[in-house]
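Have a look at protein_21.cif below; it lists mmCIF, C-alpha atoms (C1' of nucleotides).
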```cif
data_upload
loop_
_atom_site.label_atom_id
_atom_site.label_comp_id
_atom_site.auth_asym_id
_atom_site.auth_seq_id
_atom_site.Cartn_x
_atom_site.Cartn_y
_atom_site.Cartn_z
CA MET A 61 58.07 86.48 133.27
CA ARG A 62 57.12 82.96 132.56
CA VAL A 63 57.58 81.30 129.19
CA SER A 64 56.07 78.25 127.54
CA ARG A 65 57.54 74.87 128.29
CA GLU A 66 58.97 74.62 124.79
CA VAL A 67 60.55 78.04 124.92
CA ALA A 68 62.02 77.24 128.29
CA GLU A 69 63.54 74.05 126.95
CA GLU A 70 64.84 75.99 123.98
CA ASN A 71 66.38 78.57 126.26
CA ARG A 72 68.05 75.86 128.26
CA LYS A 73 69.57 74.44 125.12
CA LYS A 74 70.71 77.89 124.08
CA VAL A 75 72.47 78.30 127.41
CA VAL A 76 74.23 74.96 127.05
CA SER A 77 75.23 75.75 123.50
CA ALA A 78 76.48 79.22 124.35
CA ALA A 79 78.41 77.76 127.26
CA SER A 80 79.99 75.15 125.05
CA HIS A 81 81.35 77.91 122.86
CA LEU A 82 82.24 80.43 125.55
CA PHE A 83 84.05 77.84 127.65
CA ARG A 84 86.08 76.81 124.63
CA GLU A 85 87.04 80.41 124.05
CA HIS A 86 87.63 81.65 127.59
CA GLY A 87 88.18 78.49 129.60
CA TYR A 88 85.93 77.08 132.29
CA ASP A 89 87.02 79.75 134.76
CA GLY A 90 87.03 82.53 132.22
CA ILE A 91 83.31 83.02 131.96
CA GLY A 92 80.79 83.41 134.75
CA VAL A 93 77.15 82.51 135.08
CA ALA A 94 75.97 86.10 134.71
CA ASN A 95 77.87 86.80 131.50
CA LEU A 96 76.83 83.45 130.15
CA MET A 97 73.16 84.18 130.66
CA LYS A 98 73.55 87.66 129.27
CA ALA A 99 75.07 86.12 126.15
CA VAL A 100 71.77 84.36 125.41
CA GLY A 101 69.71 87.40 126.37
CA LEU A 102 68.63 86.26 129.82
CA THR A 103 69.45 87.33 133.35
CA HIS A 104 71.34 85.18 135.80
CA GLY A 105 68.32 84.73 138.03
CA GLY A 106 66.84 81.89 136.06
CA PHE A 107 70.03 79.92 135.90
CA TYR A 108 69.46 77.88 139.02
CA LYS A 109 66.01 76.92 137.87
CA GLN A 110 67.66 75.03 135.03
CA PHE A 111 70.96 73.83 136.46
CA GLN A 112 72.04 72.51 139.81
CA ASP A 113 75.10 74.73 139.82
CA LYS A 114 77.87 75.87 137.50
CA ALA A 115 79.60 72.51 137.66
CA ALA A 116 76.49 70.86 136.23
CA LEU A 117 76.53 73.24 133.31
CA VAL A 118 80.22 72.66 132.81
CA ALA A 119 79.53 68.96 132.44
CA GLU A 120 76.61 69.45 130.07
CA ALA A 121 78.38 72.04 127.98
CA THR A 122 81.41 69.81 127.66
CA GLU A 123 79.25 66.94 126.47
CA ALA A 124 77.61 69.27 123.98
CA ALA A 125 80.93 70.50 122.64
CA LEU A 126 82.24 66.98 122.29
CA ALA A 127 79.06 65.86 120.52
CA GLU A 128 79.25 68.80 118.16
CA ASN A 129 82.86 67.99 117.35
CA ARG A 130 81.99 64.38 116.71
CA LYS A 131 79.20 65.27 114.36
CA LYS A 132 81.50 67.56 112.41
CA TRP A 133 84.04 64.76 112.05
CA GLU A 134 81.40 62.34 110.84
CA ASP A 135 80.22 64.83 108.25
CA VAL A 136 83.71 65.60 107.03
CA ILE A 137 84.55 61.92 106.75
CA ALA A 138 81.32 61.11 104.96
CA ALA A 139 81.94 63.87 102.43
CA SER A 140 85.13 62.34 101.08
CA ASP A 141 86.39 59.03 99.78
CA ASP A 142 89.84 59.44 101.25
CA ALA A 143 90.90 57.68 104.39
CA PRO A 144 89.35 59.19 107.55
CA GLY A 145 92.73 60.01 109.03
CA GLU A 146 93.70 62.07 106.03
CA VAL A 147 90.40 63.85 105.71
CA ILE A 148 90.34 64.86 109.34
CA ALA A 149 93.96 65.94 109.35
CA ARG A 150 93.31 68.21 106.38
CA SER A 151 90.41 69.97 108.02
CA TYR A 152 91.84 69.97 111.54
CA LEU A 153 95.33 71.27 110.95
CA THR A 154 94.45 74.65 109.49
CA PRO A 155 95.12 78.29 110.38
CA LEU A 156 91.38 78.77 110.57
CA HIS A 157 91.18 76.22 113.35
CA ILE A 158 93.98 77.98 115.19
CA GLU A 159 91.95 81.16 115.31
CA ASN A 160 88.56 79.61 115.90
CA ARG A 161 88.71 78.30 119.39
CA SER A 162 85.06 78.91 120.18
CA ASP A 163 83.74 76.37 117.75
CA GLY A 164 86.80 74.27 117.29
CA CYS A 165 88.05 71.10 118.87
CA CYS A 166 87.03 70.63 122.49
CA TYR A 167 90.10 68.52 123.22
CA ALA A 168 92.43 71.31 122.21
CA ALA A 169 90.41 73.94 124.03
CA LEU A 170 89.41 72.25 127.26
CA ALA A 171 91.09 68.90 127.84
CA ALA A 172 93.92 70.56 129.76
CA GLU A 173 91.38 71.88 132.27
CA ALA A 174 89.40 68.67 132.49
CA PRO A 175 91.37 67.13 135.36
CA ARG A 176 90.07 69.87 137.63
CA GLN A 177 86.42 69.58 136.61
CA GLY A 178 85.24 66.40 138.27
CA GLY A 179 84.34 62.93 137.17
CA LYS A 180 81.49 63.64 134.82
CA VAL A 181 83.62 65.86 132.62
CA GLN A 182 86.40 63.31 132.54
CA GLU A 183 83.97 60.54 131.68
CA ALA A 184 82.64 62.63 128.84
CA PHE A 185 86.17 63.09 127.52
CA ALA A 186 86.89 59.39 127.80
CA GLU A 187 83.77 58.39 125.91
CA ALA A 188 84.28 60.99 123.22
CA LEU A 189 87.88 59.98 122.82
CA GLU A 190 87.02 56.37 122.14
CA ALA A 191 84.55 57.53 119.53
CA SER A 192 87.09 59.86 117.93
CA VAL A 193 89.63 57.08 117.75
CA ASP A 194 87.12 54.79 116.09
CA LEU A 195 86.25 57.47 113.56
CA LEU A 196 89.89 58.18 112.81
CA ALA A 197 90.82 54.54 112.45
CA GLY A 198 87.96 53.75 110.13
CA PRO A 199 86.46 50.28 109.67
CA ASP A 200 89.72 48.39 109.28
CA GLY A 201 92.07 50.81 110.98
CA ASN A 202 94.60 50.50 113.73
CA ARG A 203 93.54 51.78 117.14
CA ASN A 204 97.05 52.62 118.27
CA GLU A 205 97.81 54.52 115.15
CA ALA A 206 94.59 56.47 115.43
CA MET A 207 95.34 57.33 119.03
CA ARG A 208 98.76 58.56 118.09
CA GLN A 209 97.37 60.63 115.27
CA LEU A 210 94.78 62.19 117.53
CA SER A 211 97.43 63.07 120.11
CA THR A 212 99.61 64.58 117.42
CA MET A 213 96.84 66.73 116.01
CA VAL A 214 95.63 67.94 119.39
CA GLY A 215 99.15 68.70 120.59
CA ALA A 216 100.05 70.50 117.41
CA LEU A 217 96.94 72.67 117.50
CA ILE A 218 97.45 73.60 121.15
CA LEU A 219 101.07 74.48 120.59
CA ALA A 220 100.30 76.37 117.39
CA ARG A 221 97.81 78.48 119.32
CA ALA A 222 100.24 79.06 122.17
CA VAL A 223 103.11 80.48 120.12
CA GLY A 224 102.25 83.93 118.89
CA SER A 225 104.15 83.52 115.64
CA GLU A 226 102.08 82.53 112.63
CA ALA A 227 105.09 81.09 110.86
CA LEU A 228 106.00 78.80 113.72
CA ALA A 229 102.36 77.80 114.08
CA GLN A 230 102.25 76.82 110.43
CA ASP A 231 105.42 74.79 110.86
CA LEU A 232 103.75 72.88 113.65
CA LEU A 233 100.69 72.16 111.56
CA ASP A 234 102.82 71.06 108.63
CA ALA A 235 104.95 68.80 110.78
CA ALA A 236 101.85 67.17 112.24
CA LYS A 237 100.41 66.60 108.79
CA GLN A 238 103.35 64.59 107.55
CA LYS A 239 102.70 60.89 107.40
CA PRO A 240 105.02 59.28 109.89
CA MET B 176 108.66 94.75 158.25
CA ARG B 177 111.51 95.40 155.97
CA VAL B 178 113.92 92.70 154.84
CA SER B 179 117.42 92.75 153.41
CA ARG B 180 117.84 93.25 149.70
CA GLU B 181 119.00 89.67 149.28
CA VAL B 182 116.09 88.25 151.22
CA ALA B 183 113.68 90.41 149.24
CA GLU B 184 115.13 89.14 146.00
CA GLU B 185 114.91 85.61 147.34
CA ASN B 186 111.30 86.14 148.28
CA ARG B 187 110.54 87.42 144.82
CA LYS B 188 112.08 84.31 143.32
CA LYS B 189 110.08 82.16 145.69
CA VAL B 190 106.89 83.84 144.55
CA VAL B 191 107.74 83.28 140.90
CA SER B 192 108.64 79.67 141.56
CA ALA B 193 105.53 78.98 143.58
CA ALA B 194 103.45 80.63 140.88
CA SER B 195 105.07 78.49 138.20
CA HIS B 196 103.93 75.40 140.06
CA LEU B 197 100.53 76.62 141.22
CA PHE B 198 99.59 77.90 137.78
CA ARG B 199 100.51 74.54 136.29
CA GLU B 200 98.29 72.82 138.80
CA HIS B 201 95.30 75.17 138.94
CA GLY B 202 95.52 77.15 135.73
CA TYR B 203 96.23 80.86 135.40
CA ASP B 204 92.75 81.74 136.61
CA GLY B 205 92.65 79.10 139.29
CA ILE B 206 94.92 80.78 141.80
CA GLY B 207 94.78 84.33 143.07
CA VAL B 208 97.42 86.74 144.27
CA ALA B 209 96.46 86.35 147.91
CA ASN B 210 96.67 82.56 147.95
CA LEU B 211 99.85 82.69 145.98
CA MET B 212 101.55 84.93 148.52
CA LYS B 213 100.21 82.87 151.37
CA ALA B 214 101.78 79.82 149.75
CA VAL B 215 105.23 81.34 150.23
CA GLY B 216 104.43 82.63 153.70
CA LEU B 217 103.81 86.26 152.82
CA THR B 218 100.75 88.49 152.71
CA HIS B 219 99.31 89.91 149.53
CA GLY B 220 100.25 93.47 150.47
CA GLY B 221 103.81 93.21 149.24
CA PHE B 222 102.91 91.75 145.90
CA TYR B 223 102.61 95.03 144.05
CA LYS B 224 105.99 96.17 145.32
CA GLN B 225 107.50 93.34 143.33
CA PHE B 226 105.23 92.98 140.31
CA GLN B 227 103.37 95.41 138.12
CA ASP B 228 100.24 93.27 138.27
CA LYS B 229 99.14 89.67 138.02
CA ALA B 230 99.74 89.58 134.29
CA ALA B 231 103.39 90.42 134.87
CA LEU B 232 103.72 87.51 137.27
CA VAL B 233 101.94 85.23 134.82
CA ALA B 234 104.58 86.07 132.24
CA GLU B 235 107.49 85.59 134.62
CA ALA B 236 106.12 82.39 136.08
CA THR B 237 105.56 80.95 132.63
CA GLU B 238 109.13 81.73 131.66
CA ALA B 239 110.31 80.10 134.86
CA ALA B 240 108.26 76.96 134.26
CA LEU B 241 109.52 76.69 130.71
CA ALA B 242 113.11 77.18 131.80
CA GLU B 243 112.73 74.55 134.50
CA ASN B 244 111.30 72.11 131.95
CA ARG B 245 114.15 72.78 129.59
CA LYS B 246 116.76 72.16 132.22
CA LYS B 247 115.13 68.87 133.14
CA TRP B 248 115.22 67.77 129.52
CA GLU B 249 118.86 68.70 129.19
CA ASP B 250 119.70 66.71 132.29
CA VAL B 251 117.74 63.67 131.18
CA ILE B 252 119.32 63.74 127.74
CA ALA B 253 122.81 64.17 129.15
CA ALA B 254 122.32 61.20 131.46
CA SER B 255 121.86 58.68 128.66
CA ASP B 256 123.55 57.61 125.46
CA ASP B 257 120.31 56.88 123.65
CA ALA B 258 118.83 59.26 121.13
CA PRO B 259 117.29 62.37 122.73
CA GLY B 260 113.87 61.60 121.29
CA GLU B 261 113.80 58.19 122.92
CA VAL B 262 115.14 59.35 126.25
CA ILE B 263 112.63 62.16 126.54
CA ALA B 264 109.71 60.00 125.44
CA ARG B 265 110.56 57.44 128.12
CA SER B 266 110.57 59.99 130.91
CA TYR B 267 107.72 62.10 129.55
CA LEU B 268 105.10 59.48 128.79
CA THR B 269 104.67 58.07 132.28
CA PRO B 270 101.80 57.70 134.75
CA LEU B 271 103.84 59.78 137.18
CA HIS B 272 103.79 62.67 134.76
CA ILE B 273 100.03 62.32 134.38
CA GLU B 274 99.58 62.87 138.07
CA ASN B 275 102.25 65.47 138.57
CA ARG B 276 100.93 68.54 136.88
CA SER B 277 102.50 71.00 139.26
CA ASP B 278 106.05 70.25 138.29
CA GLY B 279 105.46 68.65 134.96
CA CYS B 280 105.47 69.92 131.43
CA CYS B 281 104.39 73.52 131.03
CA TYR B 282 103.16 72.88 127.50
CA ALA B 283 100.71 70.26 128.66
CA ALA B 284 99.61 72.30 131.64
CA LEU B 285 99.37 75.83 130.29
CA ALA B 286 99.77 76.09 126.54
CA ALA B 287 96.02 75.80 126.04
CA GLU B 288 95.55 78.94 128.11
CA ALA B 289 98.42 80.85 126.55
CA PRO B 290 96.39 82.46 123.73
CA ARG B 291 94.50 84.45 126.35
CA GLN B 292 97.55 85.63 128.28
CA GLY B 293 99.07 88.27 126.09
CA GLY B 294 102.12 88.59 123.88
CA LYS B 295 104.86 88.03 126.43
CA VAL B 296 103.52 84.63 127.41
CA GLN B 297 103.16 83.59 123.80
CA GLU B 298 106.67 84.76 123.01
CA ALA B 299 107.96 82.71 125.90
CA PHE B 300 106.20 79.65 124.54
CA ALA B 301 107.56 80.25 121.06
CA GLU B 302 111.13 80.57 122.27
CA ALA B 303 110.90 77.57 124.53
CA LEU B 304 109.36 75.51 121.80
CA GLU B 305 112.22 76.16 119.42
CA ALA B 306 114.61 75.10 122.14
CA SER B 307 112.63 71.96 122.89
CA VAL B 308 112.60 71.00 119.24
CA ASP B 309 116.34 71.46 119.03
CA LEU B 310 116.85 69.31 122.08
CA LEU B 311 114.56 66.59 120.79
CA ALA B 312 116.12 66.55 117.34
CA GLY B 313 119.66 66.33 118.64
CA PRO B 314 122.73 67.46 116.72
CA ASP B 315 121.88 65.80 113.42
CA GLY B 316 118.16 65.43 113.83
CA ASN B 317 115.18 66.38 111.75
CA ARG B 318 113.30 69.49 112.85
CA ASN B 319 109.98 68.37 111.42
CA GLU B 320 110.19 65.01 113.04
CA ALA B 321 111.05 66.57 116.38
CA MET B 322 108.11 68.94 116.10
CA ARG B 323 105.79 66.08 115.37
CA GLN B 324 107.12 64.09 118.28
CA LEU B 325 106.69 67.02 120.62
CA SER B 326 103.10 67.53 119.48
CA THR B 327 102.38 63.86 119.94
CA MET B 328 103.77 63.76 123.45
CA VAL B 329 102.04 66.93 124.58
CA GLY B 330 98.73 65.87 123.07
CA ALA B 331 98.94 62.40 124.55
CA LEU B 332 99.71 63.72 128.03
CA ILE B 333 96.87 66.24 127.93
CA LEU B 334 94.38 63.64 126.75
CA ALA B 335 95.63 61.07 129.23
CA ARG B 336 95.03 63.56 132.01
CA ALA B 337 91.60 64.46 130.71
CA VAL B 338 90.14 60.97 130.62
CA GLY B 339 89.54 59.70 134.11
CA SER B 340 90.32 56.11 133.25
CA GLU B 341 93.84 54.95 134.03
CA ALA B 342 93.66 52.18 131.47
CA LEU B 343 92.72 54.50 128.66
CA ALA B 344 95.38 56.95 129.79
CA GLN B 345 97.99 54.22 129.62
CA ASP B 346 96.82 53.29 126.12
CA LEU B 347 97.36 56.87 125.05
CA LEU B 348 100.85 56.93 126.47
CA ASP B 349 101.71 53.63 124.86
CA ALA B 350 100.37 54.69 121.49
CA ALA B 351 102.42 57.88 121.64
CA LYS B 352 105.54 55.94 122.52
CA GLN B 353 105.44 53.74 119.45
CA LYS B 354 107.89 54.68 116.78
CA PRO B 355 105.87 55.77 113.78
"C1'" DA C 267 37.80 80.89 134.28
"C1'" DA C 268 40.23 80.10 138.82
"C1'" DG C 269 43.97 78.48 140.93
"C1'" DA C 270 48.46 76.32 140.97
"C1'" DT C 271 52.77 76.36 139.01
"C1'" DT C 272 56.96 78.13 137.21
"C1'" DA C 273 60.51 80.77 133.90
"C1'" DG C 274 62.71 84.38 134.22
"C1'" DA C 275 63.61 89.20 136.45
"C1'" DT C 276 65.07 91.75 140.46
"C1'" DT C 277 67.37 92.14 144.16
"C1'" DA C 278 70.08 90.45 148.03
"C1'" DT C 279 74.11 87.84 150.14
"C1'" DG C 280 78.43 86.44 150.90
"C1'" DA C 281 82.84 85.03 149.31
"C1'" DA C 282 86.86 85.76 146.61
"C1'" DA C 283 89.20 88.50 143.47
"C1'" DA C 284 92.59 92.44 142.06
"C1'" DT C 285 94.46 96.52 143.27
"C1'" DA C 286 95.55 100.59 146.21
"C1'" DA C 287 96.68 103.32 150.47
"C1'" DT C 288 98.69 103.51 154.62
"C1'" DC C 289 101.49 101.85 158.33
"C1'" DT C 290 105.58 99.77 160.57
"C1'" DT C 291 109.91 98.46 161.20
"C1'" DA C 292 114.25 97.28 159.85
"C1'" DA C 293 117.88 97.84 156.17
"C1'" DG C 294 120.83 101.13 153.58
"C1'" DT C 295 123.12 105.36 153.33
"C1'" DC C 296 125.64 109.35 154.76
"C1'" DG D 17 124.01 107.37 165.00
"C1'" DA D 18 120.44 110.11 162.44
"C1'" DC D 19 117.91 109.96 158.16
"C1'" DT D 20 115.94 107.99 154.27
"C1'" DT D 21 113.97 104.33 152.03
"C1'" DA D 22 111.56 100.34 151.01
"C1'" DA D 23 109.61 95.25 152.08
"C1'" DG D 24 106.14 93.46 153.77
"C1'" DA D 25 101.80 93.83 156.94
"C1'" DT D 26 97.25 95.83 157.58
"C1'" DT D 27 93.53 97.54 156.07
"C1'" DA D 28 90.49 99.52 152.64
"C1'" DT D 29 88.20 99.67 147.98
"C1'" DT D 30 86.14 98.05 144.11
"C1'" DT D 31 84.86 94.14 141.05
"C1'" DT D 32 83.35 90.03 140.02
"C1'" DC D 33 81.62 85.88 141.18
"C1'" DA D 34 78.30 81.99 142.67
"C1'" DT D 35 74.26 81.29 144.83
"C1'" DA D 36 69.79 82.33 147.09
"C1'" DA D 37 65.31 84.70 148.07
"C1'" DT D 38 61.67 87.07 146.48
"C1'" DC D 39 58.74 88.90 142.93
"C1'" DT D 40 55.86 88.85 138.70
"C1'" DA D 41 53.47 87.68 135.01
"C1'" DA D 42 52.29 84.20 132.10
"C1'" DT D 43 51.44 79.22 131.20
"C1'" DC D 44 49.25 74.79 132.63
"C1'" DT D 45 45.94 72.29 134.85
"C1'" DT D 46 41.48 71.32 136.21
#
```
As structure tokens, please, write out the structure in this file.
Amino acid sequence: MRVSREVAEENRKKVVSAASHLFREHGYDGIGVANLMKAVGLTHGGFYKQFQDKAALVAEATEAALAENRKKWEDVIAASDDAPGEVIARSYLTPLHIENRSDGCCYAALAAEAPRQGGKVQEAFAEALEASVDLLAGPDGNRNEAMRQLSTMVGALILARAVGSEALAQDLLDAAKQKP
Amino acid sequence: MRVSREVAEENRKKVVSAASHLFREHGYDGIGVANLMKAVGLTHGGFYKQFQDKAALVAEATEAALAENRKKWEDVIAASDDAPGEVIARSYLTPLHIENRSDGCCYAALAAEAPRQGGKVQEAFAEALEASVDLLAGPDGNRNEAMRQLSTMVGALILARAVGSEALAQDLLDAAKQKP
DNA sequence: AAGATTAGATTATGAAAATAATCTTAAGTC
DNA sequence: GACTTAAGATTATTTTCATAATCTAATCTT
């Protein structure tokens, strides 16, 4: 049945949000339109009223995930007086983040699949990355250093998730935390 | 038709090798059994004579990719007198490697999907990672430092592939190359 | 309030997926 | 050389997927 314009818009946002989490957990290919819609309590029929096709949702959901990540970083940085790089490292390189793929870092979860997802997704990653680097560097920071730190954190998290062993994962996090 | 034991074994190896490359390029979910077999000139019928199921091939192909990567590192290190960390960084952080997913680093291509692929795959990653760290550190190297360098390189390559822009990708590679 | 519009549900459609069963033919074995 | 076995081909079977067409009931518009 039909639904008010506001509810429809809300539903659309719910779909994008659910997708941003489910893609991070299962990968872009790991979740289908039908399951996605079911996850927000709808059927797959309405999907194509809201989105051109799955690729369009992939792009939107990626942007949403990246925006969510960015907001979290801003909040974490604002909540402390320490240097941004240190604050982020502390909250990023944690066992909790290893386990929580679905609302964790989009870079660690999806960047490896981005090259296959078309230009819009890659543009979203590029834009978000510049913003992340700026956040990490802080007002008077070094762009190169921030880029290197970001790479280190993302790589460490991905590898920590890939090795089954908790001990080895912790070693990776610890190694990444060390100031060069 | 039937085929000699040696040819059968050869075919099996070809399937594993092709899978190790195709998975790196398309992701574990991005290539199916039928296409895989077609890629080595066989039909999908014989697949289950050689492998329990797709998951078994995923495990074997991952091991093969990791072993191939390791051998390449050993060769590159042996071919130079410079410190292993420098030699590897030079050959790893290149535009060529950005483009060449299918026979590039298995960490950058597949580690992000490893958490969903079961224990054997994760064990393979763990074992390979220890070996990579040893190689990077060299005989009298620092394990922590090697781990951090590995994370940095893997993260930088993944991010460089994710952003469409070549310029930004090059910045990421350059930043990762800098000695901390 | 009547009519037009549309969000979402139902129900196809068609392709691709994994896996299984059967068939064929040549390799191993005795 | 006859017999057994097994690799790979053919051909189902069953799921799952993306997408489309139609239906329905409620909202918007006038």
Write out, as a tab-separated table, each residue of chain B that has an atom at most 8 Å from chain D, together with the closest pair of atoms and their distance in Å to one decimal, counting only C-alpha atoms (C1' of nucleotides), rows going by chain and rising number.
```
residue	atom	partner	partner_atom	distance
B:Met176	CA	D:DG24	C1'	5.3
B:Arg177	CA	D:DA23	C1'	4.3
B:Val178	CA	D:DA23	C1'	5.7
B:Ala183	CA	D:DA23	C1'	6.9
B:Leu217	CA	D:DG24	C1'	7.6
B:Thr218	CA	D:DA25	C1'	6.9
B:Gly220	CA	D:DA25	C1'	6.7
B:Gly221	CA	D:DG24	C1'	5.1
B:Lys224	CA	D:DA23	C1'	7.7
```
Next on the checklist: Applying the PyMOL selection byres ((chain A) within 6 of (chain B)) to the file I just gave you, which residues come out? Please list them as a list in words.
Outcome noted: Ala171, Ala172, Ala174, Pro175, Gln182, Phe185, Ala186, Asn204, Arg208, Ser211, Thr212, Val214, Gly215, Ala216, Ile218, Ala222, Val223, Gly224, Ala235, Ala236 and Pro240 of chain A
Write out, as a tab-separated table, each residue of chain B that has an atom at most 9 Å from chain C, together with the closest pair of atoms and their distance in Å to one decimal, counting all atoms listed in the file, rows going by chain and rising number.
```
residue	atom	partner	partner_atom	distance
B:Met176	CA	C:DT291	C1'	4.9
B:Arg177	CA	C:DA292	C1'	5.1
B:Val178	CA	C:DA293	C1'	6.6
B:Ser179	CA	C:DA293	C1'	5.8
B:Arg180	CA	C:DA293	C1'	7.9
B:Gly207	CA	C:DA283	C1'	7.0
B:Val208	CA	C:DA284	C1'	7.8
B:Ala209	CA	C:DA283	C1'	8.8
B:Tyr223	CA	C:DT285	C1'	8.3
B:Asp228	CA	C:DT285	C1'	8.3
B:Lys229	CA	C:DA284	C1'	8.2
```
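Taking CA of Thr269 in chain B and CA of Glu341 in chain B as endpoints, the distance between them is 11.4 Å.
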Tell me, as a PyMOL selection string, which residues lie within 8 Å of Leu196 in chain A, counting all atoms listed in the file; anything in the same chain fewer than 2 positions away does not count. chain A and resi 144-145+148+192-194+198+201+206+210
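From CA of Cys281 in chain B back to CA of Arg150 in chain A, the distance works out to 27.5 Å.
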Enclose the full set of atoms of range 268-285 of chain C listed in the file within a box whose edges lie along x, y and z, apply 4 Å of padding to each of the six sides, and report centre and edge lengths in Å to one decimal as JSON.
```
{"center_x": 67.3, "center_y": 86.4, "center_z": 142.4, "size_x": 62.2, "size_y": 28.2, "size_z": 25.0}
```
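Here CA of Asp278 in chain B is placed at a distance of 23.5 Å from CA of Ala312 in chain B.
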